[in-house]
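Enquirer: upload-v8.txt is reproduced below (compact mmCIF, C-alpha atoms).
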# COMPACT_ATOMS: atom_id res chain seq x y z
CA MET A 1 4.39 23.96 2.12
CA SER A 2 2.02 23.23 4.99
CA SER A 3 3.10 21.54 8.20
CA ALA A 4 0.59 18.73 7.60
CA TRP A 5 2.07 17.99 4.18
CA ARG A 6 5.63 17.96 5.55
CA THR A 7 4.56 15.59 8.32
CA LEU A 8 2.96 13.29 5.76
CA ARG A 9 6.09 13.48 3.63
CA ARG A 10 8.18 12.39 6.61
CA ARG A 11 5.89 9.48 7.38
CA VAL A 12 5.86 8.28 3.78
CA LEU A 13 9.59 8.61 3.12
CA THR A 14 11.12 7.62 6.46
CA PRO A 15 11.82 3.90 6.93
CA SER A 16 10.66 2.24 10.13
CA THR A 17 13.21 1.95 12.92
CA SER A 18 12.44 -1.77 12.93
CA GLU A 19 14.55 -1.99 9.76
CA THR A 20 17.64 -1.12 11.82
CA LEU A 21 17.14 -3.77 14.51
CA LEU A 22 19.88 -6.39 14.46
CA GLU A 23 17.31 -9.17 14.68
CA THR A 24 15.45 -7.79 11.65
CA ARG A 25 18.66 -7.52 9.64
CA GLY A 26 19.92 -10.92 10.76
CA PHE A 27 23.14 -9.37 12.08
CA HIS A 28 25.32 -10.90 14.78
CA ARG A 29 24.45 -9.93 18.35
CA LYS A 30 27.69 -9.96 20.32
CA SER A 31 26.28 -8.56 23.55
CA PRO A 32 23.32 -6.50 24.78
CA ALA A 33 25.56 -3.43 25.02
CA ALA A 34 26.85 -3.79 21.46
CA GLN A 35 23.34 -4.43 20.18
CA ASP A 36 22.00 -1.35 21.94
CA LEU A 37 24.83 0.78 20.52
CA LEU A 38 24.28 -0.29 16.91
CA GLU A 39 20.51 -0.02 17.12
CA THR A 40 20.84 3.45 18.63
CA VAL A 41 23.09 4.43 15.72
CA GLY A 42 20.39 3.22 13.33
CA ALA A 43 17.64 5.05 15.20
CA ARG A 44 19.61 8.31 15.29
CA PHE A 45 20.37 8.00 11.57
CA LEU A 46 16.66 7.72 10.84
CA GLU A 47 15.94 10.58 13.24
CA GLY A 48 18.26 12.80 11.22
CA TYR A 49 16.66 11.61 8.01
CA ALA A 50 13.19 12.42 9.35
CA HIS A 51 14.26 15.92 10.44
CA ALA A 52 15.57 16.57 6.93
CA VAL A 53 12.50 15.43 5.02
CA GLU A 54 10.06 17.23 7.35
CA ALA A 55 11.84 20.56 7.68
CA ARG A 56 10.79 23.54 5.59
CA ASN A 57 14.44 24.03 4.68
CA PRO A 58 17.86 22.68 5.75
CA ALA A 59 18.40 25.53 8.22
CA GLU A 60 15.27 24.52 10.13
CA ALA A 61 16.54 20.93 10.42
CA GLU A 62 19.71 22.15 12.15
CA TYR A 63 17.95 22.89 15.43
CA PRO A 64 16.88 19.32 16.28
CA LEU A 65 20.04 17.85 14.75
CA GLU A 66 22.24 19.89 17.05
CA GLU A 67 20.34 18.57 20.09
CA ILE A 68 21.38 14.96 19.40
CA PRO A 69 24.12 13.67 21.77
CA ASP A 70 27.71 13.98 20.54
CA ARG A 71 28.26 10.27 20.08
CA PHE A 72 25.38 9.97 17.62
CA ARG A 73 25.07 13.41 16.03
CA GLY A 74 27.31 12.52 13.11
CA PHE A 75 25.08 9.58 12.26
CA ALA A 76 22.07 11.88 12.38
CA TYR A 77 23.75 14.23 9.89
CA GLU A 78 24.48 11.22 7.69
CA GLY A 79 20.76 10.45 7.74
CA ALA A 80 19.99 14.09 7.03
CA GLY A 81 22.33 13.96 4.04
CA MET A 82 20.33 11.04 2.71
CA GLY A 83 17.06 12.88 3.38
CA PHE A 84 18.13 16.05 1.59
CA ALA A 85 19.44 14.02 -1.36
CA MET A 86 16.10 12.19 -1.55
CA LEU A 87 14.24 15.50 -1.61
CA ASP A 88 16.54 16.80 -4.35
CA GLY A 89 16.23 13.63 -6.39
CA LEU A 90 12.45 13.41 -6.11
CA ARG A 91 12.00 17.18 -6.60
CA LEU A 92 9.93 17.40 -3.43
CA SER A 93 11.41 20.51 -1.88
CA GLY A 94 12.79 22.79 -4.52
CA ARG A 95 16.43 22.26 -5.43
CA ASN A 96 19.85 22.20 -3.80
CA SER A 97 18.79 20.94 -0.38
CA VAL A 98 22.14 19.16 0.03
CA ALA A 99 24.06 22.27 -1.01
CA ARG A 100 22.10 24.42 1.43
CA CYS A 101 22.74 21.90 4.19
CA LEU A 102 26.48 22.06 3.50
CA ALA A 103 26.36 25.85 3.48
CA GLY A 104 25.17 25.75 7.10
CA ARG A 105 26.01 23.56 10.09
CA GLY A 106 26.26 20.60 7.77
CA ALA A 107 29.68 21.89 6.66
CA ASP A 108 31.15 20.50 9.88
CA HIS A 109 29.72 17.11 8.94
CA VAL A 110 30.57 17.16 5.23
CA TYR A 111 32.01 13.63 5.28
CA MET A 112 28.86 12.21 6.84
CA VAL A 113 26.55 14.20 4.55
CA TYR A 114 28.38 12.92 1.46
CA VAL A 115 28.03 9.35 2.73
CA GLY A 116 24.31 10.01 3.20
CA ILE A 117 24.02 11.04 -0.46
CA GLY A 118 25.20 7.54 -1.34
CA TRP A 119 22.39 6.03 0.73
CA ALA A 120 19.93 8.04 -1.34
CA MET A 121 21.52 6.89 -4.59
CA ALA A 122 20.93 3.30 -3.52
CA ARG A 123 17.20 4.00 -3.24
CA LEU A 124 16.61 6.40 -6.13
CA PRO A 125 16.25 5.51 -9.81
CA ARG A 126 19.35 6.47 -11.73
CA PHE A 127 17.74 9.44 -13.46
CA CYS A 128 17.18 10.95 -9.99
CA TRP A 129 20.82 10.64 -8.93
CA PRO A 130 22.61 13.87 -8.04
CA ASP A 131 25.03 15.58 -10.37
CA ILE A 132 28.19 14.16 -8.86
CA ASP A 133 30.37 16.53 -10.88
CA LYS A 134 29.01 19.40 -8.77
CA LEU A 135 30.35 17.84 -5.56
CA ASP A 136 33.84 18.29 -4.17
CA PRO A 137 36.11 16.35 -6.57
CA LEU A 138 38.18 14.92 -3.71
CA LEU A 139 35.38 13.97 -1.32
CA ARG A 140 32.73 12.77 -3.76
CA TRP A 141 34.09 9.23 -3.57
CA LEU A 142 32.50 9.15 -0.11
CA VAL A 143 29.17 8.99 -1.92
CA LEU A 144 30.10 5.54 -3.18
CA ASP A 145 31.24 4.62 0.33
CA GLY A 146 27.70 5.40 1.47
CA TYR A 147 26.25 3.41 -1.43
CA GLY A 148 28.37 0.41 -0.48
CA PHE A 149 27.34 0.64 3.16
CA HIS A 150 23.67 0.69 2.19
CA GLN A 151 23.98 -2.33 -0.07
CA ALA A 152 25.87 -4.39 2.50
CA TYR A 153 23.45 -3.34 5.24
CA PHE A 154 20.22 -4.06 3.36
CA ARG A 155 21.37 -6.60 0.76
CA THR A 156 23.70 -8.45 3.06
CA ASP A 157 23.50 -11.89 1.51
CA ARG A 158 24.53 -10.65 -1.92
CA TYR A 159 27.11 -8.02 -1.02
CA VAL A 160 28.63 -9.66 2.07
CA HIS A 161 28.10 -13.41 2.00
CA GLN A 162 28.27 -13.74 -1.79
CA GLN A 163 30.92 -10.97 -2.05
CA TYR A 164 29.13 -9.44 -5.05
CA ARG A 165 30.80 -6.58 -6.91
CA ASP A 166 29.24 -4.74 -9.82
CA PRO A 167 31.70 -5.19 -12.72
CA ALA A 168 30.71 -1.87 -14.32
CA PHE A 169 29.14 0.42 -11.75
CA PRO A 170 27.63 3.46 -13.52
CA TRP A 171 29.67 6.11 -11.70
CA PRO A 172 28.05 9.35 -12.85
CA ALA A 173 31.20 11.45 -12.56
CA HIS A 174 33.86 11.84 -15.19
CA ASP A 175 36.94 10.62 -13.38
CA SER A 176 38.49 7.21 -12.65
CA PRO A 177 35.40 5.02 -13.21
CA SER A 178 37.50 1.92 -12.55
CA TYR A 179 37.94 3.07 -8.93
CA ALA A 180 34.21 2.91 -8.19
CA GLY A 181 34.31 -0.69 -6.96
CA ARG A 182 37.07 0.13 -4.50
CA ALA A 183 35.18 3.08 -3.05
CA ILE A 184 32.09 0.89 -2.68
CA ASP A 185 34.19 -1.73 -0.89
CA GLN A 186 35.23 0.85 1.69
CA GLY A 187 31.54 1.31 2.52
CA ILE A 188 31.01 -2.44 2.62
CA GLY A 189 33.88 -2.64 5.09
CA ARG A 190 32.19 -0.07 7.33
CA ALA A 191 28.95 -2.02 7.15
CA LEU A 192 30.72 -5.22 8.18
CA TRP A 193 31.27 -3.64 11.59
CA PHE A 194 27.47 -3.57 11.91
CA VAL A 195 26.81 -6.93 10.24
CA GLY A 196 29.33 -8.48 12.63
CA GLY A 197 27.76 -6.75 15.63
CA THR A 198 31.14 -5.11 16.54
CA ASP A 199 32.62 -8.59 17.04
CA ALA A 200 36.13 -7.79 15.81
CA GLU A 201 37.14 -11.40 15.23
CA LEU A 202 33.97 -12.11 13.26
CA VAL A 203 34.41 -8.97 11.17
CA ALA A 204 37.98 -10.01 10.31
CA THR A 205 36.77 -13.50 9.40
CA MET A 206 34.14 -12.05 7.05
CA ILE A 207 36.74 -9.82 5.40
CA GLU A 208 39.07 -12.75 4.89
CA LYS A 209 36.39 -14.53 2.86
CA PHE A 210 36.67 -11.81 0.21
CA PRO A 211 39.33 -11.97 -2.50
CA GLU A 212 42.69 -10.72 -1.27
CA SER A 213 42.57 -7.83 -3.73
CA ARG A 214 39.55 -6.37 -1.93
CA ARG A 215 40.64 -6.78 1.68
CA SER A 216 42.66 -3.60 2.02
CA ASP A 217 39.65 -1.39 1.27
CA LEU A 218 37.39 -3.53 3.44
CA TYR A 219 39.78 -3.30 6.38
CA GLY A 220 40.05 0.45 5.88
CA GLY A 221 36.28 0.83 6.07
CA ALA A 222 36.05 -1.42 9.12
CA GLY A 223 38.81 0.54 10.84
CA LEU A 224 36.86 3.73 10.29
CA ALA A 225 33.70 2.20 11.75
CA ALA A 226 35.54 0.72 14.71
CA THR A 227 36.92 4.17 15.52
CA TYR A 228 33.82 6.25 14.80
CA ALA A 229 31.07 3.92 16.10
CA GLY A 230 32.99 1.92 18.68
CA GLY A 231 31.54 -1.01 20.58
CA VAL A 232 34.78 -2.77 21.53
CA ASP A 233 37.44 -2.64 24.23
CA GLU A 234 41.20 -2.29 23.85
CA ALA A 235 41.85 -6.04 23.62
CA GLU A 236 39.35 -6.39 20.77
CA LEU A 237 40.87 -3.44 18.92
CA CYS A 238 44.34 -4.97 19.28
CA ALA A 239 43.09 -8.33 18.04
CA PHE A 240 41.47 -6.70 15.01
CA ARG A 241 44.63 -4.79 14.13
CA ASP A 242 46.67 -7.97 14.46
CA ARG A 243 44.26 -9.93 12.26
CA ALA A 244 44.53 -7.22 9.61
CA GLY A 245 48.23 -8.05 9.21
CA ILE A 246 49.61 -6.34 6.10
CA HIS A 247 46.39 -4.32 5.90
CA GLY A 248 47.05 -2.73 9.28
CA PRO A 249 48.10 0.61 7.75
CA MET A 250 44.74 0.84 5.99
CA VAL A 251 42.95 0.15 9.27
CA ALA A 252 44.92 3.08 10.66
CA GLN A 253 43.98 5.18 7.63
CA GLY A 254 40.29 4.57 8.26
CA SER A 255 40.82 5.37 11.93
CA ALA A 256 42.50 8.68 11.05
CA PHE A 257 39.58 9.56 8.76
CA ALA A 258 37.17 8.84 11.63
CA ALA A 259 39.19 10.94 14.04
CA GLU A 260 39.25 13.87 11.63
CA ALA A 261 35.50 13.59 11.05
CA ARG A 262 34.76 13.67 14.78
CA ILE A 263 37.21 16.48 15.56
CA ARG A 264 36.04 18.60 12.63
CA ALA A 265 32.48 18.38 13.98
CA GLY A 266 33.47 18.83 17.64
CA LEU A 267 32.19 15.36 18.49
CA LEU A 268 35.25 13.65 19.96
CA VAL A 269 34.34 10.80 22.33
CA PRO A 270 36.56 8.63 24.58
CA HIS A 271 36.30 5.58 22.35
CA THR A 272 37.88 7.45 19.44
CA GLU A 273 40.89 8.20 21.64
CA LEU A 274 41.25 4.52 22.48
CA ALA A 275 40.91 3.42 18.86
CA THR A 276 43.46 5.85 17.43
CA ARG A 277 45.93 4.90 20.15
CA VAL A 278 45.64 1.24 19.15
CA PHE A 279 45.35 1.62 15.38
CA CYS A 280 47.48 4.73 14.80
CA GLY A 281 49.74 4.88 17.85
CA MET A 282 48.73 8.48 18.53
CA THR A 283 45.97 10.74 19.82
CA PRO A 284 42.89 11.61 17.73
CA ASP A 285 44.23 15.15 17.20
CA GLU A 286 47.52 13.79 15.93
CA ALA A 287 45.80 11.23 13.67
CA ALA A 288 43.49 13.92 12.29
CA ALA A 289 46.53 16.11 11.61
CA VAL A 290 48.10 13.30 9.57
CA SER A 291 44.94 13.16 7.47
CA GLN A 292 44.87 16.92 7.00
CA GLU A 293 48.55 17.19 6.13
CA ALA A 294 48.33 14.40 3.54
CA ARG A 295 45.25 15.85 1.84
CA PRO A 296 45.94 16.75 -1.81
CA SER A 297 45.34 20.39 -2.66
CA GLY A 298 44.42 19.69 -6.29
CA PRO A 299 44.65 17.12 -9.09
CA VAL A 300 47.36 14.47 -8.83
CA PRO A 301 49.30 12.72 -11.60
CA GLY A 302 48.65 9.09 -12.44
CA ALA A 303 45.68 6.81 -12.90
CA LEU A 304 44.44 6.84 -9.31
CA PRO A 305 42.05 9.56 -8.14
CA ALA A 306 43.34 12.10 -5.64
CA TYR A 307 41.14 10.47 -3.00
CA GLU A 308 43.06 7.18 -3.20
CA VAL A 309 46.41 8.98 -3.30
CA TRP A 310 45.30 10.69 -0.09
CA ARG A 311 44.36 7.39 1.54
CA GLN A 312 47.67 5.80 0.58
CA ALA A 313 49.66 8.75 1.87
CA ILE A 314 47.90 8.45 5.23
CA ALA A 315 48.43 4.68 5.36
CA ASP A 316 52.14 5.13 4.63
CA ARG A 317 52.46 7.23 7.78
CA PHE A 318 51.25 4.27 9.83
CA ALA A 319 53.33 1.52 8.26
CA ASN A 320 55.32 0.91 11.45
CA VAL A 321 52.70 1.15 14.19
CA GLY A 322 53.69 -1.27 16.95
CA GLY A 323 51.68 -3.87 18.81
CA CYS A 324 49.66 -3.57 21.99
Is it possible to give me this structure as structure tokens?

Expert:
Amino acid sequence: MSSAWRTLRRRVLTPSTSETLLETRGFHRKSPAAQDLLETVGARFLEGYAHAVEARNPAEAEYPLEEIPDRFRGFAYEGAGMGFAMLDGLRLSGRNSVARCLAGRGADHVYMVYVGIGWAMARLPRFCWPDIDKLDPLLRWLVLDGYGFHQAYFRTDRYVHQQYRDPAFPWPAHDSPSYAGRAIDQGIGRALWFVGGTDAELVATMIEKFPESRRSDLYGGAGLAATYAGGVDEAELCAFRDRAGIHGPMVAQGSAFAAEARIRAGLLVPHTELATRVFCGMTPDEAAAVSQEARPSGPVPGALPAYEVWRQAIADRFANVGGC
């Protein structure tokens, strides 16, 4: 494929960075610093997406992705995951772009790449969706996390302010279809950190407008975003954990997931250390170890998928985290 065609493909498929501006989205602007952080995250996500859809192959996209600063490289790989899934779904670059990405440097960012697949699902017709059964049976629920984030980010009024939930989401895998809404809520919770402009009190207020049955997953997603993306100081993190109340262990679970994702990719930043200390009462390495130790090694008994059993096992380890 010629360079000119790949450049055209990038221009046609890549959304404008204006779509990630807080003013465009109508998101809360807490402060200039928080706004700059979230808009940089959006820009780096789209940069990763553009590298994926323009590259001749996933290996070629690795070079510019690895040049992105540590704080934002994971977001760029998330965007690349979306880009490769779009190429696979639209049959624009052979097959198995996502698989080839994960066979290379993308393996260190597998959580982010899986989330990116969910972004693509939100934009592709259903017949172009990936074969979910070919993905890791434990981690593939992260695809729905990405789908939920996308919907809350771009269809905010319906998914956030109206608290919409699809009563029968067409989960294309063959396990625990009733869990799909919960996995989507975890992505909505992550997106609330962006919708609320990293204003911890506002994010908690938005979560509390949802039915009680959904708040645990929403708080878990927001805890992950607060740890991975940042944008708050220690007092704000403490206030958010306190507002979470009985859902505090799930905030810690999301924080441990974020710590593991950053450590696995070698992208640990100071804010992650602060967040895990507040939410988990331990260092990022210790929180990541909790996640790794609790990870199921195969199928689990019962109605819940192994992914949720994993999350609950992590949360149980943080049931008695003290206050600030």

Enquirer: What is the atom CA of A:Ser18-atom CA of A:Ala34 distance in Å, reported with one decimal?

Expert: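 Value for the atom CA of A:Ser18-atom CA of A:Ala34 distance: 16.9 Å.
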
Enquirer: What separation in Å, quoted to one decimal, exists between atom CA of A:Arg155 and atom CA of A:Arg44?

Expert: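 We find that atom CA of A:Arg155 and atom CA of A:Arg44 lie 20.9 Å from each other.
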
Enquirer: Just how far from atom CA of A:Val98 is atom CA of A:Arg165, in Å to one decimal?

Expert: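 We find that atom CA of A:Arg165 and atom CA of A:Val98 lie 28.0 Å from each other.
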
Enquirer: Using all atoms of stretch 268-284 of chain A that appear in the file, construct an axis-aligned enclosing box with 3 Å of padding on every side and provide its centre coordinates and edge lengths in Å, rounded to one decimal, as AutoDock Vina command-line options.

Expert:
--center_x 42.0 --center_y 7.4 --center_z 19.7 --size_x 21.4 --size_y 18.4 --size_z 15.8

Enquirer: Would you tabulate, counting all atoms listed in the file, all residues of stretch 177-218 of chain A that have an atom at most 12 Å from an atom of stretch 241-251 of chain A, showing the closest pair of atoms and their distance in Å to one decimal, sorted by chain then ascending number, as a tab-separated table?

Expert:
residue	atom	partner	partner_atom	distance
A:Gln186	CA	A:Met250	CA	10.4
A:Gly189	CA	A:Val251	CA	10.4
A:Arg190	CA	A:Val251	CA	10.9
A:Ala200	CA	A:Arg243	CA	9.1
A:Glu201	CA	A:Arg243	CA	7.9
A:Leu202	CA	A:Arg243	CA	10.6
A:Val203	CA	A:Arg243	CA	10.0
A:Ala204	CA	A:Arg243	CA	6.6
A:Thr205	CA	A:Arg243	CA	8.8
A:Met206	CA	A:Arg243	CA	11.6
A:Ile207	CA	A:Ala244	CA	9.2
A:Glu208	CA	A:Ala244	CA	9.1
A:Glu212	CA	A:His247	CA	10.3
A:Ser213	CA	A:His247	CA	10.9
A:Arg214	CA	A:His247	CA	10.6
A:Arg215	CA	A:His247	CA	7.5
A:Ser216	CA	A:His247	CA	5.4
A:Asp217	CA	A:Met250	CA	7.3
A:Leu218	CA	A:Val251	CA	8.9

Enquirer: I'd like the neighbourhood of A:Val113 as a PyMOL selection string, where a residue qualifies if any of its atoms comes within 8 Å (using all atoms listed in the file), though same-chain residues fewer than 5 positions away should be ignored.

Expert: chain A and resi 77-82+102+106

Enquirer: Which of these, A:Pro69, A:Pro305, A:Pro15, A:Pro211, has the shortest distance to A:Ser178 once you count all atoms listed in the file?

Expert: A:Pro305

Enquirer: Compare A:Glu60, A:Glu54, A:Glu286, A:Asp185 by their minimum atom-to-atom distance to A:Gln163, counting all atoms listed in the file, and give me the closest one.

Expert: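 Closest residue, counting all atoms listed in the file: A:Asp185.
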
Enquirer: Pick from A:Val290, A:Ala319, A:Ala275, A:Ala120: nearest to A:Val232, with all atoms listed in the file counted?

Expert: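 Of A:Val290, A:Ala319, A:Ala275, A:Ala120, the one nearest A:Val232, counting all atoms listed in the file, is A:Ala275.
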
Enquirer: What's the 9 Å shell around A:Val160, counting all atoms listed in the file, without same-chain residues fewer than 3 positions away, as number ranges by chain?

Expert: A: 151-153, 155-157, 163-164, 188, 192, 195, 206-207, 210

Enquirer: Supply stretch 14-25 of chain A as a compact mmCIF listing (two decimals), keeping the file's coordinate frame, with all heavy atoms built in where the input has gaps.

Expert:
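Listed below is the output, selection.txt:
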# COMPACT_ATOMS: atom_id res chain seq x y z
N THR A 14 10.20 8.10 5.44
CA THR A 14 11.12 7.62 6.46
C THR A 14 10.90 6.14 6.75
O THR A 14 9.80 5.73 7.11
CB THR A 14 10.94 8.41 7.77
OG1 THR A 14 11.08 9.81 7.50
CG2 THR A 14 12.00 7.99 8.79
N PRO A 15 11.94 5.32 6.60
CA PRO A 15 11.82 3.90 6.93
C PRO A 15 11.51 3.71 8.42
O PRO A 15 11.81 4.56 9.25
CB PRO A 15 13.20 3.33 6.58
CG PRO A 15 13.79 4.32 5.63
CD PRO A 15 13.27 5.66 6.07
N SER A 16 10.94 2.58 8.73
CA SER A 16 10.66 2.24 10.13
C SER A 16 11.96 1.90 10.85
O SER A 16 12.87 1.30 10.29
CB SER A 16 9.71 1.04 10.20
OG SER A 16 9.63 0.53 11.51
N THR A 17 12.02 2.29 12.13
CA THR A 17 13.21 1.95 12.92
C THR A 17 13.37 0.44 13.07
O THR A 17 14.47 -0.03 13.37
CB THR A 17 13.13 2.59 14.32
OG1 THR A 17 11.91 2.21 14.96
CG2 THR A 17 13.22 4.10 14.23
N SER A 18 12.32 -0.31 12.85
CA SER A 18 12.44 -1.77 12.93
C SER A 18 13.42 -2.31 11.89
O SER A 18 14.00 -3.38 12.06
CB SER A 18 11.08 -2.43 12.74
OG SER A 18 10.57 -2.21 11.44
N GLU A 19 13.62 -1.55 10.80
CA GLU A 19 14.55 -1.99 9.76
C GLU A 19 16.00 -1.93 10.23
O GLU A 19 16.88 -2.52 9.59
CB GLU A 19 14.38 -1.14 8.50
CG GLU A 19 13.07 -1.35 7.77
CD GLU A 19 13.07 -0.70 6.40
OE1 GLU A 19 14.15 -0.63 5.77
OE2 GLU A 19 12.00 -0.25 5.97
N THR A 20 16.27 -1.24 11.33
CA THR A 20 17.64 -1.12 11.82
C THR A 20 17.90 -2.05 13.01
O THR A 20 19.01 -2.02 13.56
CB THR A 20 17.94 0.33 12.23
OG1 THR A 20 17.14 0.69 13.36
CG2 THR A 20 17.68 1.28 11.08
N LEU A 21 16.93 -2.83 13.41
CA LEU A 21 17.14 -3.77 14.51
C LEU A 21 18.02 -4.93 14.03
O LEU A 21 17.84 -5.45 12.93
CB LEU A 21 15.80 -4.31 15.01
CG LEU A 21 14.82 -3.27 15.58
CD1 LEU A 21 13.53 -3.96 16.03
CD2 LEU A 21 15.45 -2.51 16.74
N LEU A 22 18.96 -5.33 14.85
CA LEU A 22 19.88 -6.39 14.46
C LEU A 22 19.14 -7.69 14.16
O LEU A 22 19.50 -8.43 13.24
CB LEU A 22 20.93 -6.62 15.56
CG LEU A 22 22.22 -5.80 15.41
CD1 LEU A 22 21.96 -4.31 15.46
CD2 LEU A 22 23.23 -6.19 16.50
N GLU A 23 18.08 -7.95 14.92
CA GLU A 23 17.31 -9.17 14.68
C GLU A 23 16.63 -9.11 13.31
O GLU A 23 16.60 -10.10 12.57
CB GLU A 23 16.26 -9.36 15.77
CG GLU A 23 15.47 -10.66 15.62
CD GLU A 23 14.52 -10.88 16.79
OE1 GLU A 23 14.36 -9.97 17.62
OE2 GLU A 23 13.93 -11.97 16.85
N THR A 24 16.09 -7.96 12.96
CA THR A 24 15.45 -7.79 11.65
C THR A 24 16.46 -8.00 10.52
O THR A 24 16.17 -8.66 9.52
CB THR A 24 14.84 -6.38 11.52
OG1 THR A 24 13.88 -6.19 12.56
CG2 THR A 24 14.17 -6.19 10.16
N ARG A 25 17.64 -7.45 10.69
CA ARG A 25 18.66 -7.52 9.64
C ARG A 25 19.36 -8.88 9.62
O ARG A 25 20.06 -9.20 8.68
CB ARG A 25 19.70 -6.42 9.84
CG ARG A 25 19.13 -4.99 9.81
CD ARG A 25 19.41 -4.32 8.49
NE ARG A 25 18.94 -5.04 7.34
CZ ARG A 25 17.70 -4.98 6.88
NH1 ARG A 25 16.78 -4.26 7.48
NH2 ARG A 25 17.35 -5.67 5.81
